[in-house]
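J.: There's a structure below that I have some questions on.
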Amino acid sequence: MTVAVVLDGVSCVFGSGAQTVRAVDRVDLKIEGGEFFTLLGPSGSGKTTCLRMIGGFTLPTSGRIHIGGQDVTLAPPYARPVNTVFQDYALFPHMSIRDNVAYGLMVQKVARAERHRRAEEMLELVRLPGVGERRPGQLSGGQRQRVALARALINQPQVLLLDEPLGALDLKLREQMQTELKALQRQLGITFLFITHDQHEALSMSDRIGVFNNGRLEQVDAPTAIYNRPATRFVAEFVGAANVFDGDRALSLTGLPSAMLRPERIRLLPDGEGQIRATVTDTQYFGAFSRVHLDWQGAAIAVDLNPEQHPQLPLRGSTVGLRWADDAVHPLAGAGA
């Protein structure tokens with residue numbers, strides 16, 4: 001498999017002196033051709049700055065960037081084999097949908113009939129046939145997102161950069177578009193670099209995920225590994241719900257200096273059974289599961305319950321037993337004492 005994008009010791013620093021901000025700090029990364037790769041992290045973690053450097057909108061302070069085997073570190077955006085879909089879609093309101101999609105071909109001076117033909121093909125691809133004559137203001141948010149995708153794909157980029165493109169959509173539409181985006185990527189075979197702060201988006205769509213924190217990549221791995229075998233405390237707590245224990249408490253509970261237990265890996269039992277006893281402090285109902293919050297000697301623990309197995313939730317203030325399998329405990333690096 002060919003390598004689509006390589007970052008070699010890439011850093012991006014803004015400001016100087018006391019106002020210096022190291023937005024991206026010596027990042028090394030390889031993204032394979034045809035991969036759906038996601039950069040995941042909280043706001044301000046450096047993921048969008050990283051995407052902007054790959055797209056050529058921001059230049060790195062140090063390091064090199066290669067796309068398709070070519071050094072593009074200092075190349076302008078138009079000279080890179082990439083296109084970008086932004087969160088606000090950036091469609092031209094005065095243009096028809098067809099002309100919005102065909103805009104990149106117009107810049108390349110492709111004949112009008114040809115660019116309109118290809119624009120209609122792209123609209124068919126993103127399941128928007130027959131809307132070419134409309135204006136962006138006449139479409140829904142999900143439809144505008146598809147138009148932005150069609151416009152970005154019409155020039156057949158080697159890499160498609162997606163900067164939180166689903167962030168403005170409501171939950172149901174966002175979930176629908178997640179499925180459609182992944183299917184489209186598989187159909188086209190184009191490398192997708194997707195930026196999000198939404199862990200569920202990242203886990204459900206990606207071939208691999210890079211988790212950003214304070215300008216650095218804390219872990220790059222498959223979604224299952226990111227969730228089940230997080231490398232650090234930050235990854236464990238940012239991706240999914242996690243019970244994280246440090247120091248003496250972790251040693252007494254798990255035998256490890258720092259460890260993670262996912263809530264769904266813990267069994268709730270009657271008082272007197274299990275490895276420890278804990279007191280119920282609250283319960284939450286989420287439909288597909290219920291979360292029970294407990295106190296164990298001053299430490300908070302969460303347990304997720306299947307409603308079919310536990311139709312009746314324990315009462316607040318009641319004491320219960322907790323049990324887990326040995327392989328449910330995962331050791332962590334980067335946790336405090």
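Following the order of the structure tokens, chains are lettered A, B, ..., residues in each are numbered from 1, and ligands are numbered from 1.
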Please identify all polymer residues within 7 Å of range 289-297 of chain A, counting only C-alpha atoms, omitting same-chain residues fewer than 5 positions from it, and present them as a list in words.
T.: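 Returned residues: Arg277, Ala278, Thr279, Val280, Thr281, Asp282, Thr283, Gln284, Ala302, Val303, Asp304, Leu305, Asn306 and Pro307 of chain A.
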J.: Determine which residues of range 164-299 of chain A receive a DSSP assignment of strand (DSSP E), computed from the backbone, and state them as a PyMOL selection string.
T.: chain A and resi 191-196+208-213+216-221+243-246+258-261+266-269+276-285+290-296+299
J.: Which residue is closest to Asp327 in chain A? Choose from A:Thr2, A:Thr232, A:Gln158, A:Thr254 and count only C-alpha atoms.
T.: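 Checking each candidate against Asp327 in chain A, we get A:Thr254 as the closest.
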J.: Using the chain letters and numbers from this document, which residues of range 10-85 of chain A does DSSP assign to alpha helix (DSSP H), as a list in words?
T.: Lys47, Thr48, Thr49, Cys50, Leu51, Arg52, Met53, Ile54 and Gly55 of chain A
J.: Would you write out those residues with N, CA and C atoms, as a JSON list (two decimals), in the first residue's frame?
T.:
[["chain", "number", "residue", "atom", "x", "y", "z"],
["A", 47, "LYS", "N", -5.26, 19.59, 16.16],
["A", 47, "LYS", "CA", -5.68, 18.76, 15.02],
["A", 47, "LYS", "C", -6.00, 19.60, 13.79],
["A", 48, "THR", "N", -6.71, 20.72, 13.96],
["A", 48, "THR", "CA", -7.08, 21.54, 12.80],
["A", 48, "THR", "C", -5.85, 22.26, 12.23],
["A", 49, "THR", "N", -4.94, 22.69, 13.09],
["A", 49, "THR", "CA", -3.70, 23.30, 12.60],
["A", 49, "THR", "C", -2.92, 22.29, 11.77],
["A", 50, "CYS", "N", -2.93, 21.04, 12.20],
["A", 50, "CYS", "CA", -2.26, 19.98, 11.45],
["A", 50, "CYS", "C", -2.90, 19.82, 10.07],
["A", 51, "LEU", "N", -4.22, 19.80, 10.01],
["A", 51, "LEU", "CA", -4.91, 19.70, 8.72],
["A", 51, "LEU", "C", -4.59, 20.91, 7.84],
["A", 52, "ARG", "N", -4.56, 22.09, 8.43],
["A", 52, "ARG", "CA", -4.28, 23.31, 7.65],
["A", 52, "ARG", "C", -2.86, 23.29, 7.07],
["A", 53, "MET", "N", -1.93, 22.70, 7.79],
["A", 53, "MET", "CA", -0.58, 22.59, 7.26],
["A", 53, "MET", "C", -0.53, 21.60, 6.10],
["A", 54, "ILE", "N", -1.27, 20.50, 6.20],
["A", 54, "ILE", "CA", -1.31, 19.53, 5.10],
["A", 54, "ILE", "C", -1.97, 20.17, 3.87],
["A", 55, "GLY", "N", -2.99, 20.99, 4.11],
["A", 55, "GLY", "CA", -3.68, 21.66, 3.00],
["A", 55, "GLY", "C", -2.95, 22.85, 2.44]]
J.: Residues at most 10 Å from range 172-177 of chain A, counting only C-alpha atoms, excluding those fewer than 3 positions away in the same chain, as a list in words?
T.: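 Everything that qualifies: Gly141, Gly142, Gln145, Arg146, Pro165, Leu166, Gly167, Ala168, Leu169, Glu180, Leu181, Lys182, Ala183, His200, Glu201 and Ser204 of chain A.
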J.: Okay, now the selection with C-alpha atoms, as an mmCIF file, in the first residue's frame?
T.:
data_model
loop_
_atom_site.group_PDB
_atom_site.id
_atom_site.type_symbol
_atom_site.label_atom_id
_atom_site.label_comp_id
_atom_site.auth_asym_id
_atom_site.auth_seq_id
_atom_site.Cartn_x
_atom_site.Cartn_y
_atom_site.Cartn_z
ATOM 1 C CA GLY A 141 -27.828 21.490 5.906
ATOM 2 C CA GLY A 142 -27.288 17.868 4.958
ATOM 3 C CA GLN A 145 -22.815 19.205 3.034
ATOM 4 C CA ARG A 146 -23.183 16.808 0.103
ATOM 5 C CA PRO A 165 -17.828 18.801 8.242
ATOM 6 C CA LEU A 166 -20.665 17.241 10.269
ATOM 7 C CA GLY A 167 -20.458 19.571 13.265
ATOM 8 C CA ALA A 168 -23.379 21.788 12.214
ATOM 9 C CA LEU A 169 -25.827 18.914 11.635
ATOM 10 C CA GLU A 180 -22.725 7.852 3.784
ATOM 11 C CA LEU A 181 -19.254 9.385 4.093
ATOM 12 C CA LYS A 182 -17.653 6.060 4.919
ATOM 13 C CA ALA A 183 -19.481 4.328 2.059
ATOM 14 C CA HIS A 200 -18.255 8.387 18.405
ATOM 15 C CA GLU A 201 -17.675 9.814 14.932
ATOM 16 C CA SER A 204 -17.479 4.480 13.889
#
J.: Which is closer to Ala288 in chain A than all the others in A:Arg117, A:His310, A:Arg267, A:Arg323, using only C-alpha atoms?
T.: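 Once distances to Ala288 in chain A are computed over only C-alpha atoms, the minimum belongs to A:His310.
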J.: For Glu164 in chain A, which residue among A:Gln309, A:Thr58, A:Thr196, A:Gln275 is the nearest when counting only C-alpha atoms?
T.: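 Distance minimum relative to Glu164 in chain A lands on A:Thr196.
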J.: Which is closer to Phe37 in chain A than all the others in A:Arg208, A:Arg249, A:Arg64, A:Arg151, using only C-alpha atoms?
T.: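 Checking each of A:Arg208, A:Arg249, A:Arg64, A:Arg151 against Phe37 in chain A, counting only C-alpha atoms, the winner is A:Arg208.
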J.: Rank nothing, just name the residue among A:Glu237, A:Asp207, A:Asp248, A:Glu273 nearest to Phe36 in chain A, using only C-alpha atoms.
T.: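 Looking only at the distances to Phe36 in chain A, the closest residue turns out to be A:Asp207.
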J.: Residues near range 12-15 of chain A, anyone? I mean within 10 Å using only C-alpha atoms, not counting same-chain ones fewer than 5 positions away, as a list in words.
T.: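 So, after excluding close chain neighbours, the residues are Thr20, Val21, Arg22, Ala23, Val24, Asp25, Arg26, Val27, Gly46, Thr49, Cys50, Met53, Thr58, Leu59, Pro60, Thr61, Ser62, Gly63 and Gly215 of chain A.
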J.: Please dump the current selection as a PDB file, in the first residue's frame; keep N, CA and C atoms.
T.:
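Writing done, so here's again29.pdb:
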ATOM      1  N   THR A  20       4.191  32.841  23.077  1.00  0.00           N
ATOM      2  CA  THR A  20       4.399  31.715  22.169  1.00  0.00           C
ATOM      3  C   THR A  20       3.387  30.600  22.418  1.00  0.00           C
ATOM      4  N   VAL A  21       2.792  30.126  21.347  1.00  0.00           N
ATOM      5  CA  VAL A  21       1.877  28.982  21.412  1.00  0.00           C
ATOM      6  C   VAL A  21       2.396  27.912  20.460  1.00  0.00           C
ATOM      7  N   ARG A  22       2.727  26.743  20.997  1.00  0.00           N
ATOM      8  CA  ARG A  22       3.176  25.611  20.175  1.00  0.00           C
ATOM      9  C   ARG A  22       1.949  24.774  19.821  1.00  0.00           C
ATOM     10  N   ALA A  23       1.299  25.142  18.714  1.00  0.00           N
ATOM     11  CA  ALA A  23       0.036  24.505  18.331  1.00  0.00           C
ATOM     12  C   ALA A  23       0.227  23.051  17.924  1.00  0.00           C
ATOM     13  N   VAL A  24       1.318  22.766  17.220  1.00  0.00           N
ATOM     14  CA  VAL A  24       1.672  21.395  16.836  1.00  0.00           C
ATOM     15  C   VAL A  24       3.137  21.206  17.190  1.00  0.00           C
ATOM     16  N   ASP A  25       3.448  20.100  17.872  1.00  0.00           N
ATOM     17  CA  ASP A  25       4.771  19.938  18.479  1.00  0.00           C
ATOM     18  C   ASP A  25       5.435  18.645  18.006  1.00  0.00           C
ATOM     19  N   ARG A  26       6.300  18.763  16.971  1.00  0.00           N
ATOM     20  CA  ARG A  26       7.137  17.658  16.492  1.00  0.00           C
ATOM     21  C   ARG A  26       6.315  16.390  16.208  1.00  0.00           C
ATOM     22  N   VAL A  27       5.373  16.513  15.314  1.00  0.00           N
ATOM     23  CA  VAL A  27       4.483  15.396  14.972  1.00  0.00           C
ATOM     24  C   VAL A  27       5.063  14.578  13.828  1.00  0.00           C
ATOM     25  N   GLY A  46      -4.640  20.971  18.467  1.00  0.00           N
ATOM     26  CA  GLY A  46      -3.699  21.028  17.358  1.00  0.00           C
ATOM     27  C   GLY A  46      -4.133  20.293  16.112  1.00  0.00           C
ATOM     28  N   THR A  49      -4.942  22.692  13.089  1.00  0.00           N
ATOM     29  CA  THR A  49      -3.696  23.297  12.603  1.00  0.00           C
ATOM     30  C   THR A  49      -2.923  22.286  11.772  1.00  0.00           C
ATOM     31  N   CYS A  50      -2.927  21.035  12.202  1.00  0.00           N
ATOM     32  CA  CYS A  50      -2.262  19.976  11.450  1.00  0.00           C
ATOM     33  C   CYS A  50      -2.897  19.821  10.068  1.00  0.00           C
ATOM     34  N   MET A  53      -1.932  22.700   7.792  1.00  0.00           N
ATOM     35  CA  MET A  53      -0.575  22.586   7.256  1.00  0.00           C
ATOM     36  C   MET A  53      -0.526  21.600   6.105  1.00  0.00           C
ATOM     37  N   THR A  58      -1.617  26.868   6.268  1.00  0.00           N
ATOM     38  CA  THR A  58      -0.682  27.308   7.303  1.00  0.00           C
ATOM     39  C   THR A  58       0.645  26.615   7.037  1.00  0.00           C
ATOM     40  N   LEU A  59       1.743  27.349   7.124  1.00  0.00           N
ATOM     41  CA  LEU A  59       3.057  26.761   6.886  1.00  0.00           C
ATOM     42  C   LEU A  59       3.657  26.290   8.206  1.00  0.00           C
ATOM     43  N   PRO A  60       4.329  25.144   8.198  1.00  0.00           N
ATOM     44  CA  PRO A  60       4.958  24.666   9.431  1.00  0.00           C
ATOM     45  C   PRO A  60       6.155  25.525   9.813  1.00  0.00           C
ATOM     46  N   THR A  61       6.415  25.612  11.108  1.00  0.00           N
ATOM     47  CA  THR A  61       7.606  26.300  11.594  1.00  0.00           C
ATOM     48  C   THR A  61       8.845  25.449  11.353  1.00  0.00           C
ATOM     49  N   SER A  62       8.690  24.132  11.471  1.00  0.00           N
ATOM     50  CA  SER A  62       9.785  23.198  11.199  1.00  0.00           C
ATOM     51  C   SER A  62       9.191  21.864  10.773  1.00  0.00           C
ATOM     52  N   GLY A  63      10.047  21.014  10.192  1.00  0.00           N
ATOM     53  CA  GLY A  63       9.602  19.713   9.714  1.00  0.00           C
ATOM     54  C   GLY A  63       9.232  19.734   8.239  1.00  0.00           C
ATOM     55  N   GLY A 215      -1.008  19.604  21.224  1.00  0.00           N
ATOM     56  CA  GLY A 215      -0.122  19.702  20.072  1.00  0.00           C
ATOM     57  C   GLY A 215       0.613  18.436  19.706  1.00  0.00           C
TER      58      GLY A 215
END
